[in-house]
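The structure file query-v8.cif is reproduced below (mmCIF, C-alpha atoms and all ligand atoms).
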```
data_structure
#
loop_
_atom_site.label_atom_id
_atom_site.label_comp_id
_atom_site.auth_asym_id
_atom_site.auth_seq_id
_atom_site.Cartn_x
_atom_site.Cartn_y
_atom_site.Cartn_z
CA MET A 1 71.18 112.49 92.26
CA LYS A 2 71.31 110.74 95.63
CA GLN A 3 74.35 111.75 97.71
CA LEU A 4 75.83 108.70 99.40
CA ARG A 5 77.35 107.98 102.74
CA LEU A 6 80.09 105.79 101.35
CA ALA A 7 82.69 103.54 102.99
CA ILE A 8 85.85 102.10 101.44
CA VAL A 9 87.15 99.08 103.35
CA GLY A 10 90.84 98.25 102.84
CA ALA A 11 91.55 101.87 101.95
CA THR A 12 95.28 101.41 102.62
CA GLY A 13 95.64 98.40 100.30
CA ALA A 14 96.41 97.99 96.61
CA VAL A 15 92.75 97.80 95.52
CA GLY A 16 91.64 100.34 98.14
CA HIS A 17 94.11 102.89 96.75
CA GLU A 18 92.53 102.47 93.29
CA LEU A 19 88.99 102.60 94.72
CA ILE A 20 89.69 106.00 96.27
CA LYS A 21 91.09 107.28 92.97
CA ILE A 22 88.29 105.87 90.83
CA VAL A 23 85.48 107.14 93.09
CA GLN A 24 86.96 110.63 92.48
CA GLU A 25 87.60 110.11 88.75
CA ARG A 26 84.06 108.86 88.11
CA LYS A 27 82.54 111.53 90.35
CA ILE A 28 80.55 109.21 92.57
CA PRO A 29 78.31 111.56 94.57
CA TYR A 30 78.90 111.31 98.30
CA THR A 31 78.31 113.51 101.32
CA GLU A 32 80.43 111.38 103.60
CA LEU A 33 83.42 109.14 102.90
CA ARG A 34 84.66 106.65 105.50
CA LEU A 35 88.09 105.15 104.90
CA LEU A 36 88.49 101.90 106.80
CA ALA A 37 91.27 99.38 107.33
CA SER A 38 92.51 97.11 110.09
CA LYS A 39 93.59 98.39 113.50
CA ARG A 40 97.16 98.39 112.16
CA SER A 41 96.50 101.35 109.84
CA ALA A 42 94.00 103.28 111.97
CA GLY A 43 95.10 106.91 112.12
CA THR A 44 96.81 106.90 108.71
CA LYS A 45 96.10 110.11 106.79
CA ILE A 46 95.03 109.89 103.16
CA ASP A 47 94.55 112.83 100.83
CA VAL A 48 91.36 112.56 98.78
CA GLY A 49 90.86 115.36 96.27
CA GLY A 50 92.80 117.84 98.42
CA LYS A 51 91.00 116.91 101.65
CA GLU A 52 92.71 114.91 104.36
CA TYR A 53 90.89 111.84 105.67
CA THR A 54 91.88 109.72 108.67
CA VAL A 55 91.68 105.96 108.26
CA GLU A 56 89.58 104.27 110.93
CA GLU A 57 89.57 100.70 112.15
CA ALA A 58 86.66 98.85 110.53
CA THR A 59 84.06 97.67 113.05
CA LEU A 60 80.42 96.77 112.52
CA ASP A 61 79.53 100.25 113.72
CA SER A 62 81.39 101.72 110.73
CA PHE A 63 78.50 100.57 108.52
CA ARG A 64 75.69 102.07 110.55
CA ASP A 65 73.94 104.83 108.57
CA CYS A 66 76.09 103.99 105.60
CA ASP A 67 74.42 103.70 102.16
CA ALA A 68 77.12 101.73 100.39
CA ALA A 69 80.48 100.14 101.12
CA LEU A 70 83.17 99.07 98.69
CA PHE A 71 85.01 96.18 100.36
CA ALA A 72 88.67 95.45 99.53
CA GLY A 73 89.74 94.56 103.03
CA GLY A 74 90.55 90.85 102.82
CA PRO A 75 89.25 89.25 106.05
CA ALA A 76 86.92 92.23 106.65
CA SER A 77 84.51 90.77 104.08
CA LYS A 78 83.85 87.67 106.13
CA ALA A 79 83.88 89.62 109.40
CA PHE A 80 81.45 92.39 108.39
CA GLY A 81 80.01 91.83 104.88
CA ARG A 82 76.76 90.01 105.72
CA ASP A 83 76.06 92.00 108.88
CA ALA A 84 76.67 95.33 107.15
CA ALA A 85 74.27 94.27 104.37
CA GLU A 86 71.64 93.29 106.94
CA MET A 87 72.02 96.72 108.56
CA GLY A 88 70.94 98.26 105.24
CA CYS A 89 74.33 99.14 103.75
CA VAL A 90 74.81 97.91 100.18
CA VAL A 91 78.06 95.95 100.14
CA ILE A 92 80.07 95.52 96.93
CA ASP A 93 82.74 93.01 97.81
CA ASN A 94 86.04 92.27 96.07
CA SER A 95 86.86 89.07 97.96
CA SER A 96 85.78 85.55 97.03
CA THR A 97 83.80 85.16 100.29
CA PHE A 98 80.29 85.47 98.81
CA ARG A 99 80.79 84.92 95.08
CA TYR A 100 79.31 81.44 94.91
CA GLU A 101 76.32 82.05 97.16
CA PRO A 102 73.07 81.81 95.19
CA ASP A 103 71.56 85.00 96.68
CA VAL A 104 74.62 87.09 95.80
CA PRO A 105 74.83 88.55 92.29
CA LEU A 106 78.28 88.27 90.69
CA VAL A 107 78.43 91.14 88.28
CA VAL A 108 80.47 92.50 85.40
CA PRO A 109 78.43 95.50 84.23
CA GLU A 110 79.31 95.00 80.55
CA VAL A 111 77.98 91.42 80.73
CA ASN A 112 75.22 90.86 83.31
CA PRO A 113 74.06 94.14 84.92
CA GLU A 114 70.51 92.76 85.08
CA ALA A 115 71.70 90.34 87.79
CA LEU A 116 71.59 93.32 90.17
CA THR A 117 67.79 93.42 90.12
CA GLY A 118 66.38 92.09 93.38
CA HIS A 119 69.75 92.09 95.15
CA HIS A 120 69.85 91.63 98.92
CA ASN A 121 72.39 94.40 99.66
CA LEU A 122 75.34 92.07 99.03
CA ILE A 123 76.96 92.05 95.59
CA ALA A 124 80.18 90.30 94.64
CA ASN A 125 82.86 91.55 92.31
CA PRO A 126 84.34 88.62 90.37
CA ASN A 127 87.93 87.45 90.46
CA CYS A 128 90.19 89.62 88.30
CA SER A 129 91.13 86.82 85.86
CA THR A 130 87.46 85.99 85.36
CA ILE A 131 86.59 89.62 84.59
CA LEU A 132 89.35 89.70 81.95
CA LEU A 133 88.12 86.47 80.38
CA VAL A 134 84.39 87.29 80.31
CA THR A 135 84.83 90.82 78.97
CA ALA A 136 86.67 89.36 75.96
CA LEU A 137 84.41 86.32 75.51
CA TRP A 138 81.03 88.01 75.92
CA PRO A 139 80.69 89.72 72.50
CA ILE A 140 81.83 86.48 70.82
CA HIS A 141 79.45 84.40 72.94
CA LYS A 142 76.48 86.60 72.01
CA HIS A 143 77.28 86.24 68.31
CA ALA A 144 78.61 82.72 67.91
CA GLY A 145 78.09 80.86 71.21
CA VAL A 146 81.27 79.97 73.06
CA LYS A 147 81.32 76.19 73.54
CA ARG A 148 84.76 75.83 75.08
CA ALA A 149 87.58 78.00 76.40
CA ILE A 150 91.04 76.81 77.41
CA VAL A 151 92.86 79.46 79.40
CA SER A 152 96.29 80.11 80.91
CA THR A 153 96.70 83.19 83.06
CA TYR A 154 99.87 85.26 83.55
CA GLN A 155 99.14 87.20 86.72
CA ALA A 156 100.92 90.30 87.96
CA CYS A 157 102.28 90.50 91.52
CA SER A 158 99.91 93.33 92.51
CA GLY A 159 97.14 90.72 92.23
CA ALA A 160 98.45 89.49 95.58
CA GLY A 161 98.31 92.91 97.28
CA LYS A 162 100.62 95.68 98.37
CA GLU A 163 103.09 93.47 100.27
CA ALA A 164 103.56 91.33 97.17
CA MET A 165 104.31 94.45 95.14
CA ASP A 166 106.94 95.49 97.68
CA GLU A 167 108.45 92.01 97.57
CA LEU A 168 108.81 92.09 93.77
CA CYS A 169 110.62 95.46 94.02
CA SER A 170 112.96 94.58 96.87
CA GLN A 171 113.72 91.09 95.56
CA SER A 172 114.53 92.34 92.07
CA MET A 173 117.11 94.68 93.61
CA GLU A 174 118.51 91.89 95.79
CA VAL A 175 118.94 89.54 92.83
CA LEU A 176 120.59 92.24 90.71
CA GLU A 177 122.94 93.07 93.57
CA GLY A 178 123.80 89.38 94.03
CA LYS A 179 122.33 89.28 97.54
CA PRO A 180 120.47 86.23 98.92
CA VAL A 181 116.66 86.46 98.68
CA HIS A 182 114.23 85.48 101.42
CA PRO A 183 110.73 85.04 99.97
CA GLU A 184 108.01 86.00 102.43
CA HIS A 185 104.85 86.73 100.54
CA PHE A 186 105.34 84.21 97.74
CA LYS A 187 106.45 80.63 98.39
CA TYR A 188 109.41 81.03 96.03
CA GLN A 189 111.51 83.85 94.68
CA ILE A 190 109.28 85.78 92.27
CA ALA A 191 111.91 88.15 90.84
CA PHE A 192 113.21 86.66 87.56
CA ASN A 193 111.00 83.60 88.06
CA VAL A 194 107.46 82.38 87.32
CA ILE A 195 105.39 80.36 89.81
CA PRO A 196 102.76 77.92 88.47
CA GLN A 197 100.57 78.11 91.56
CA ILE A 198 98.19 80.83 92.76
CA ASP A 199 96.02 80.21 95.81
CA VAL A 200 95.45 76.84 97.47
CA TRP A 201 94.87 73.43 95.88
CA VAL A 202 91.30 72.24 95.54
CA ASP A 203 89.95 68.95 94.14
CA ASP A 204 91.45 67.35 91.05
CA ASP A 205 94.85 69.02 91.42
CA TYR A 206 93.62 72.43 90.29
CA THR A 207 94.18 75.57 92.33
CA LYS A 208 91.30 77.61 93.70
CA GLU A 209 92.41 80.49 91.47
CA GLU A 210 92.06 78.21 88.43
CA MET A 211 88.64 76.90 89.48
CA LYS A 212 87.37 80.47 90.05
CA LEU A 213 87.63 80.89 86.27
CA VAL A 214 85.22 77.98 85.78
CA TRP A 215 82.73 78.70 88.58
CA GLU A 216 82.57 82.44 88.02
CA THR A 217 82.43 82.40 84.21
CA HIS A 218 79.44 80.04 84.41
CA LYS A 219 77.65 82.24 86.95
CA ILE A 220 78.27 85.53 85.12
CA MET A 221 77.56 84.26 81.61
CA GLY A 222 74.59 82.28 82.92
CA ASP A 223 75.62 79.10 81.11
CA ASP A 224 77.12 76.12 82.94
CA SER A 225 77.56 74.20 79.70
CA ILE A 226 80.52 76.29 78.52
CA GLY A 227 83.55 74.02 78.86
CA ILE A 228 86.22 76.06 80.64
CA THR A 229 89.64 74.48 81.14
CA PRO A 230 91.97 76.55 83.31
CA VAL A 231 95.32 75.16 82.13
CA CYS A 232 97.42 77.06 84.63
CA ALA A 233 97.24 80.25 86.69
CA VAL A 234 100.80 81.52 86.78
CA ARG A 235 102.35 84.33 88.85
CA VAL A 236 104.78 86.35 86.76
CA PRO A 237 107.29 89.02 87.85
CA VAL A 238 105.20 91.88 86.45
CA MET A 239 104.06 94.65 88.78
CA ARG A 240 100.62 95.26 87.36
CA SER A 241 98.14 93.99 84.68
CA HIS A 242 97.25 90.37 84.07
CA CYS A 243 97.42 88.59 80.70
CA GLU A 244 95.71 85.44 79.44
CA ALA A 245 96.31 83.09 76.52
CA VAL A 246 92.85 81.93 75.43
CA TYR A 247 91.79 79.17 73.07
CA LEU A 248 88.07 79.25 72.34
CA GLU A 249 85.71 77.15 70.30
CA THR A 250 82.39 78.46 69.07
CA GLU A 251 79.10 76.80 68.06
CA LYS A 252 78.89 78.91 64.93
CA HIS A 253 81.96 79.43 62.76
CA ILE A 254 83.60 82.82 63.14
CA SER A 255 86.71 83.96 61.30
CA PRO A 256 89.50 85.99 62.95
CA GLU A 257 88.41 88.97 60.82
CA GLU A 258 84.79 88.68 62.03
CA CYS A 259 86.01 88.29 65.58
CA ARG A 260 88.09 91.48 65.29
CA GLU A 261 85.11 93.34 63.86
CA LEU A 262 82.83 92.16 66.67
CA LEU A 263 85.27 93.09 69.41
CA SER A 264 86.10 96.48 67.91
CA LYS A 265 82.42 97.49 68.25
CA GLU A 266 82.68 97.35 72.06
CA ASP A 267 83.90 100.60 73.56
CA TYR A 268 85.46 98.82 76.55
CA ILE A 269 87.68 96.71 74.28
CA VAL A 270 90.84 97.90 72.56
CA LEU A 271 91.97 95.78 69.67
CA GLN A 272 95.76 95.61 69.51
CA ASP A 273 96.17 93.12 66.73
CA ASP A 274 98.85 93.96 64.21
CA PRO A 275 101.56 91.35 64.81
CA GLU A 276 103.51 92.37 61.69
CA ASN A 277 104.07 95.73 63.34
CA PHE A 278 104.63 94.21 66.80
CA VAL A 279 101.24 95.39 68.07
CA TYR A 280 99.64 93.14 70.70
CA PRO A 281 98.40 93.55 74.28
CA MET A 282 101.01 93.90 77.02
CA PRO A 283 100.96 95.04 80.65
CA ILE A 284 102.98 98.14 79.79
CA THR A 285 100.12 99.41 77.64
CA SER A 286 97.13 98.12 79.62
CA THR A 287 98.31 99.43 83.01
CA ASP A 288 96.38 102.35 84.48
CA THR A 289 93.48 102.02 82.03
CA ASP A 290 90.01 100.47 82.27
CA LYS A 291 90.00 98.70 78.90
CA THR A 292 90.30 95.05 77.96
CA TYR A 293 93.03 94.66 75.34
CA VAL A 294 92.72 91.86 72.77
CA GLY A 295 95.17 90.75 70.13
CA ARG A 296 96.93 87.89 68.33
CA ILE A 297 93.54 86.63 67.16
CA ARG A 298 94.15 83.68 64.86
CA ARG A 299 92.56 80.49 63.62
CA ASP A 300 93.34 77.35 65.59
CA THR A 301 95.75 74.96 63.85
CA VAL A 302 93.38 71.99 64.37
CA GLU A 303 89.78 72.89 65.13
CA PRO A 304 87.86 74.77 62.36
CA ASN A 305 85.70 76.59 64.93
CA GLY A 306 88.66 77.31 67.18
CA LEU A 307 90.35 80.68 67.71
CA ASN A 308 93.36 81.69 69.75
CA MET A 309 93.93 85.09 71.30
CA TRP A 310 96.00 86.99 73.85
CA ILE A 311 94.32 89.41 76.25
CA SER A 312 95.41 91.82 78.98
CA PHE A 313 94.00 94.41 81.37
CA ASP A 314 94.81 96.31 84.54
CA GLN A 315 93.54 93.92 87.19
CA LEU A 316 93.73 96.52 89.98
CA ARG A 317 91.40 98.77 88.01
CA LYS A 318 88.94 96.91 85.75
CA GLY A 319 89.76 93.62 87.50
CA ALA A 320 88.79 95.02 90.90
CA ALA A 321 88.26 98.71 91.73
CA THR A 322 86.71 100.02 88.50
CA ASN A 323 84.35 97.06 88.20
CA ALA A 324 83.18 97.63 91.80
CA VAL A 325 82.60 101.35 91.18
CA GLN A 326 80.78 100.55 87.92
CA ILE A 327 78.48 98.25 89.92
CA LEU A 328 77.77 101.14 92.27
CA GLU A 329 77.01 103.36 89.25
CA GLU A 330 74.61 100.72 87.88
CA LEU A 331 72.83 100.58 91.24
CA ILE A 332 72.46 104.37 91.20
CA LYS A 333 71.33 104.39 87.55
CA ARG A 334 68.79 101.59 88.12
CA ASP A 335 67.59 103.12 91.40
CA LEU A 336 68.57 99.97 93.27
CA LEU A 337 70.03 101.58 96.37
CA PRO A 338 67.75 101.52 99.42
N1 LIG A 401 94.97 92.92 94.13
C1 LIG A 401 94.13 92.60 93.16
O1 LIG A 401 94.45 92.68 91.96
C2 LIG A 401 92.75 92.10 93.49
C3 LIG A 401 91.87 91.84 92.44
C4 LIG A 401 90.59 91.40 92.73
C5 LIG A 401 90.20 91.22 94.05
N2 LIG A 401 91.10 91.46 95.04
C6 LIG A 401 90.64 91.29 96.44
O2 LIG A 401 90.57 92.58 97.04
C7 LIG A 401 90.85 92.48 98.44
C8 LIG A 401 92.02 93.42 98.78
O3 LIG A 401 93.15 93.01 98.05
P1 LIG A 401 94.47 93.89 97.94
O4 LIG A 401 95.23 93.30 96.84
O5 LIG A 401 94.14 95.34 97.92
O6 LIG A 401 95.19 93.53 99.32
P2 LIG A 401 96.22 94.40 100.18
O7 LIG A 401 97.01 95.31 99.32
O8 LIG A 401 96.96 93.43 101.02
O9 LIG A 401 95.29 95.29 101.10
C9 LIG A 401 94.48 94.72 102.10
C10 LIG A 401 93.67 95.80 102.77
O10 LIG A 401 92.77 95.18 103.69
C11 LIG A 401 92.89 95.80 104.95
N3 LIG A 401 92.52 94.86 106.00
C12 LIG A 401 93.15 93.73 106.36
N4 LIG A 401 92.50 93.13 107.37
C13 LIG A 401 91.44 93.92 107.65
C14 LIG A 401 90.38 93.87 108.61
N5 LIG A 401 90.28 92.86 109.48
N6 LIG A 401 89.48 94.88 108.63
C15 LIG A 401 89.57 95.90 107.76
N7 LIG A 401 90.54 96.00 106.82
C16 LIG A 401 91.46 95.03 106.78
C17 LIG A 401 94.35 96.22 105.00
O11 LIG A 401 94.51 97.21 105.99
P3 LIG A 401 95.89 97.43 106.80
O12 LIG A 401 96.64 98.50 106.07
O13 LIG A 401 95.39 97.87 108.10
O14 LIG A 401 96.60 96.12 106.82
C18 LIG A 401 94.52 96.76 103.58
O15 LIG A 401 93.96 98.05 103.48
C19 LIG A 401 91.17 90.99 98.71
O16 LIG A 401 90.01 90.36 99.17
C20 LIG A 401 91.55 90.47 97.33
O17 LIG A 401 91.31 89.10 97.19
C21 LIG A 401 92.35 91.91 94.80
#
```

Represent the structure contained in this file as structure tokens.
Amino acid sequence: MKQLRLAIVGATGAVGHELIKIVQERKIPYTELRLLASKRSAGTKIDVGGKEYTVEEATLDSFRDCDAALFAGGPASKAFGRDAAEMGCVVIDNSSTFRYEPDVPLVVPEVNPEALTGHHNLIANPNCSTILLVTALWPIHKHAGVKRAIVSTYQACSGAGKEAMDELCSQSMEVLEGKPVHPEHFKYQIAFNVIPQIDVWVDDDYTKEEMKLVWETHKIMGDDSIGITPVCAVRVPVMRSHCEAVYLETEKHISPEECRELLSKEDYIVLQDDPENFVYPMPITSTDTDKTYVGRIRRDTVEPNGLNMWISFDQLRKGAATNAVQILEELIKRDLLP
């Protein structure tokens, strides 16, 4: 198997930390590993499998003679993504910078790995909430055709990065100790609160985070006719793992029992659907795993072809780092690395 010269951009961040772990866990073959971040973290030491690595400042030169780079470095994507790809390094990018560009495949390996064929060295990892949605919808779509999905997201603080995680911790303590809070990362206090806005406003009073669910689901599932309504993307005071309440309507009738049977055939899905015994997906069970958890599947109260469900997964892993590493594995498997 080809041994890679591999770079991880944003190695000191929340997703970067998971990327380093998952590259080891999944035994990605590399001869050289470059850990990159901004100037601020250059010189930081990181232990990788018992070997100490020094974080370097990312520059365009970092990608010279590099076979592949996993980007989770925020502004680094825009600064270096295209140029690194043009230099021959295959870029798998976690940011939203390139997701909507026609020449950039947007890939969830369980759904559309074939989109990697003919790539131009630049591949986008979808938004975490979209990955959660499409991994749950895809088996149902293949069987019964999803016509419509109405979605509310409940997004963990780690979705906003390491500083947001720190803010949730410190603020929770401050509130419990009766001290005044001074939100910095989030617009409002996040401890003991929920905030019905993630990312900036775009047209029609939706947020960009909400519209990503529409744009990206269409691109990944290859069907612009699926009616996606993002009701609200909400930040919740949970450290890790996003949840979504999903209403879906299918072309062909499918009962909750059939839906459970379909989903349970997928090895990346864990069915947690025994409400009588208090079994349903929750962040405390989905955290630190790579599975999509699905539960509370039930018939809609109005629409005969409508189903409701509740889903959850670890957005730092399958919603970002694991998906990116799986894309790299697909490229290796399909012999699509230069
Ligand atoms: N968090 C999630 O659940 C999630 C899910 C899907 C996608 N994403 C995307 O993944 C990316 C990283 O998110 P995160 O949550 O890991 O953020 P984070 O915890 O804030 O980490 C950001 C990382 O980017 C590095 N960085 C910042 N500016 C840089 C530059 N100019 N050049 C090189 N590195 C730079 C930072 O390095 P320093 O230590 O030097 O500041 C840090 O390592 C973002 O694009 C985000 O939208 C995140």

Extending 5 Å beyond the listed atoms of ligand LIG 401 (chain A) on each side, what axis-aligned box results? I want centre and edge lengths in Å to one decimal, as lines of an AutoDock Vina configuration file.
```
center_x = 93.2
center_y = 93.8
center_z = 100.7
size_x = 17.5
size_y = 19.4
size_z = 27.5
```

query = From the list A:Met221, A:Ala160, A:Val111, A:Leu116, which residue is nearest ligand LIG 401 (chain A) when using all atoms listed in the file?
reply =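 Checking each candidate against ligand LIG 401 (chain A), we get A:Ala160 as the closest.
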
List the spatial neighbours of Ala11 of chain A as a PDB file with C-alpha atoms, in the coordinates of the input - criterion: any atom at most 10 Å away, only C-alpha atoms, same-chain residues fewer than 2 positions off excluded.
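What landed in around-v3.pdb:
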```
ATOM      1  CA  ALA A   7      82.690 103.540 102.990  1.00  0.00           C
ATOM      2  CA  ILE A   8      85.850 102.100 101.440  1.00  0.00           C
ATOM      3  CA  VAL A   9      87.150  99.080 103.350  1.00  0.00           C
ATOM      4  CA  GLY A  13      95.640  98.400 100.300  1.00  0.00           C
ATOM      5  CA  ALA A  14      96.410  97.990  96.610  1.00  0.00           C
ATOM      6  CA  VAL A  15      92.750  97.800  95.520  1.00  0.00           C
ATOM      7  CA  GLY A  16      91.640 100.340  98.140  1.00  0.00           C
ATOM      8  CA  HIS A  17      94.110 102.890  96.750  1.00  0.00           C
ATOM      9  CA  GLU A  18      92.530 102.470  93.290  1.00  0.00           C
ATOM     10  CA  LEU A  19      88.990 102.600  94.720  1.00  0.00           C
ATOM     11  CA  ILE A  20      89.690 106.000  96.270  1.00  0.00           C
ATOM     12  CA  ARG A  34      84.660 106.650 105.500  1.00  0.00           C
ATOM     13  CA  LEU A  35      88.090 105.150 104.900  1.00  0.00           C
ATOM     14  CA  LEU A  36      88.490 101.900 106.800  1.00  0.00           C
ATOM     15  CA  ALA A  37      91.270  99.380 107.330  1.00  0.00           C
ATOM     16  CA  SER A  38      92.510  97.110 110.090  1.00  0.00           C
ATOM     17  CA  SER A  41      96.500 101.350 109.840  1.00  0.00           C
ATOM     18  CA  THR A  44      96.810 106.900 108.710  1.00  0.00           C
ATOM     19  CA  ILE A  46      95.030 109.890 103.160  1.00  0.00           C
ATOM     20  CA  VAL A  55      91.680 105.960 108.260  1.00  0.00           C
ATOM     21  CA  GLU A  56      89.580 104.270 110.930  1.00  0.00           C
ATOM     22  CA  LEU A  70      83.170  99.070  98.690  1.00  0.00           C
ATOM     23  CA  PHE A  71      85.010  96.180 100.360  1.00  0.00           C
ATOM     24  CA  ALA A  72      88.670  95.450  99.530  1.00  0.00           C
ATOM     25  CA  GLY A  73      89.740  94.560 103.030  1.00  0.00           C
TER      26      GLY A  73
END
```

inquiry  = What does the structure give for the distance between atom CA of Ile22 of chain A and atom CA of Arg82 of chain A, in Å to one decimal?
reply    =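 Answer for the atom CA of Ile22 of chain A to atom CA of Arg82 of chain A separation: 24.6 Å.
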
ask   = Using only C-alpha atoms, which of the listed residues (A:Pro105, A:Pro29, A:Gly49, A:Gly227) sits closest to Glu329 of chain A?
value =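 Distance minimum relative to Glu329 of chain A lands on A:Pro29.
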
key: 12 Å contact set for Leu316 of chain A, all atoms listed in the file, chain neighbours under 2 positions out, as a ChimeraX atom specification   = /A:13-19,21-22,72,94,127-129,131-132,155-162,165,239-242,283,286-291,313-314,318-324

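The interatomic distance for the pair atom CA of Glu110 of chain A and atom CA of Tyr268 of chain A works out to 8.3 Å.
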
query = For Glu258 of chain A, which residue out of A:Lys179, A:Arg298, A:Arg26, A:Arg235 is the nearest one, using only C-alpha atoms?
reply =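 Using only C-alpha atoms, the shortest distance to Glu258 of chain A belongs to A:Arg298.
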
key: Test item: which residues lie within 9 Å of (98.7, 80.2, 85.6) counting all atoms listed in the file, as a list in words   =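 Collected hits near the coordinates: Val151, Ser152, Thr153, Tyr154, Gln155, Ile195, Pro196, Gln197, Ile198, Glu209, Glu210, Pro230, Val231, Cys232, Ala233, Val234, Arg235, Val236 and Glu244 of chain A.
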
query = Which residue, A:Asp199, A:Glu25, A:Glu177, A:Glu184, has the smallest gap to ligand LIG 401 (chain A) when you use only C-alpha atoms and all ligand atoms?
reply =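 Looking only at the distances to ligand LIG 401 (chain A), the closest residue turns out to be A:Asp199.
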
task = Using atom CA of Cys243 of chain A and atom CA of Ile311 of chain A as the two end points, give the distance in Å to one decimal.
result =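 We find that atom CA of Cys243 of chain A and atom CA of Ile311 of chain A lie 5.5 Å from each other.
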
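Distance annotation: of A:Lys142, A:Arg317, A:Arg5, A:Lys45, the residue with the minimal separation from ligand LIG 401 (chain A) is A:Arg317; atom set is only C-alpha atoms and all ligand atoms.
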
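Considering the residues A:Pro113, A:His120, A:Thr130, A:Asp83 and counting all atoms listed in the file, ligand LIG 401 (chain A) has its shortest atom-to-atom contact with A:Thr130.
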
message = Applying 12 Å and only C-alpha atoms, which residues near Glu257 of chain A remain after dropping the ones on its own chain fewer than 6 positions away? List them as number ranges by chain.
response = A: 263-264, 271, 273, 295-299, 307

inquiry  = I'd like the neighbourhood of Leu106 of chain A as JSON, numbers by chain, where a residue qualifies if any of its atoms comes within 8 Å (using only C-alpha atoms), though same-chain residues fewer than 5 positions away should be ignored.
reply    = {"A": [99, 115, 123, 124, 125, 126, 216, 219, 220]}

key: Distance query Ile28 of chain A at most 10 Å, all atoms listed in the file, self and fewer than 6 positions along chain excluded, as a list in words   = Met1, Lys2, Gln3, Leu4, Leu6, Ile22, Val325, Gln326, Leu328, Glu329 and Ile332 of chain A
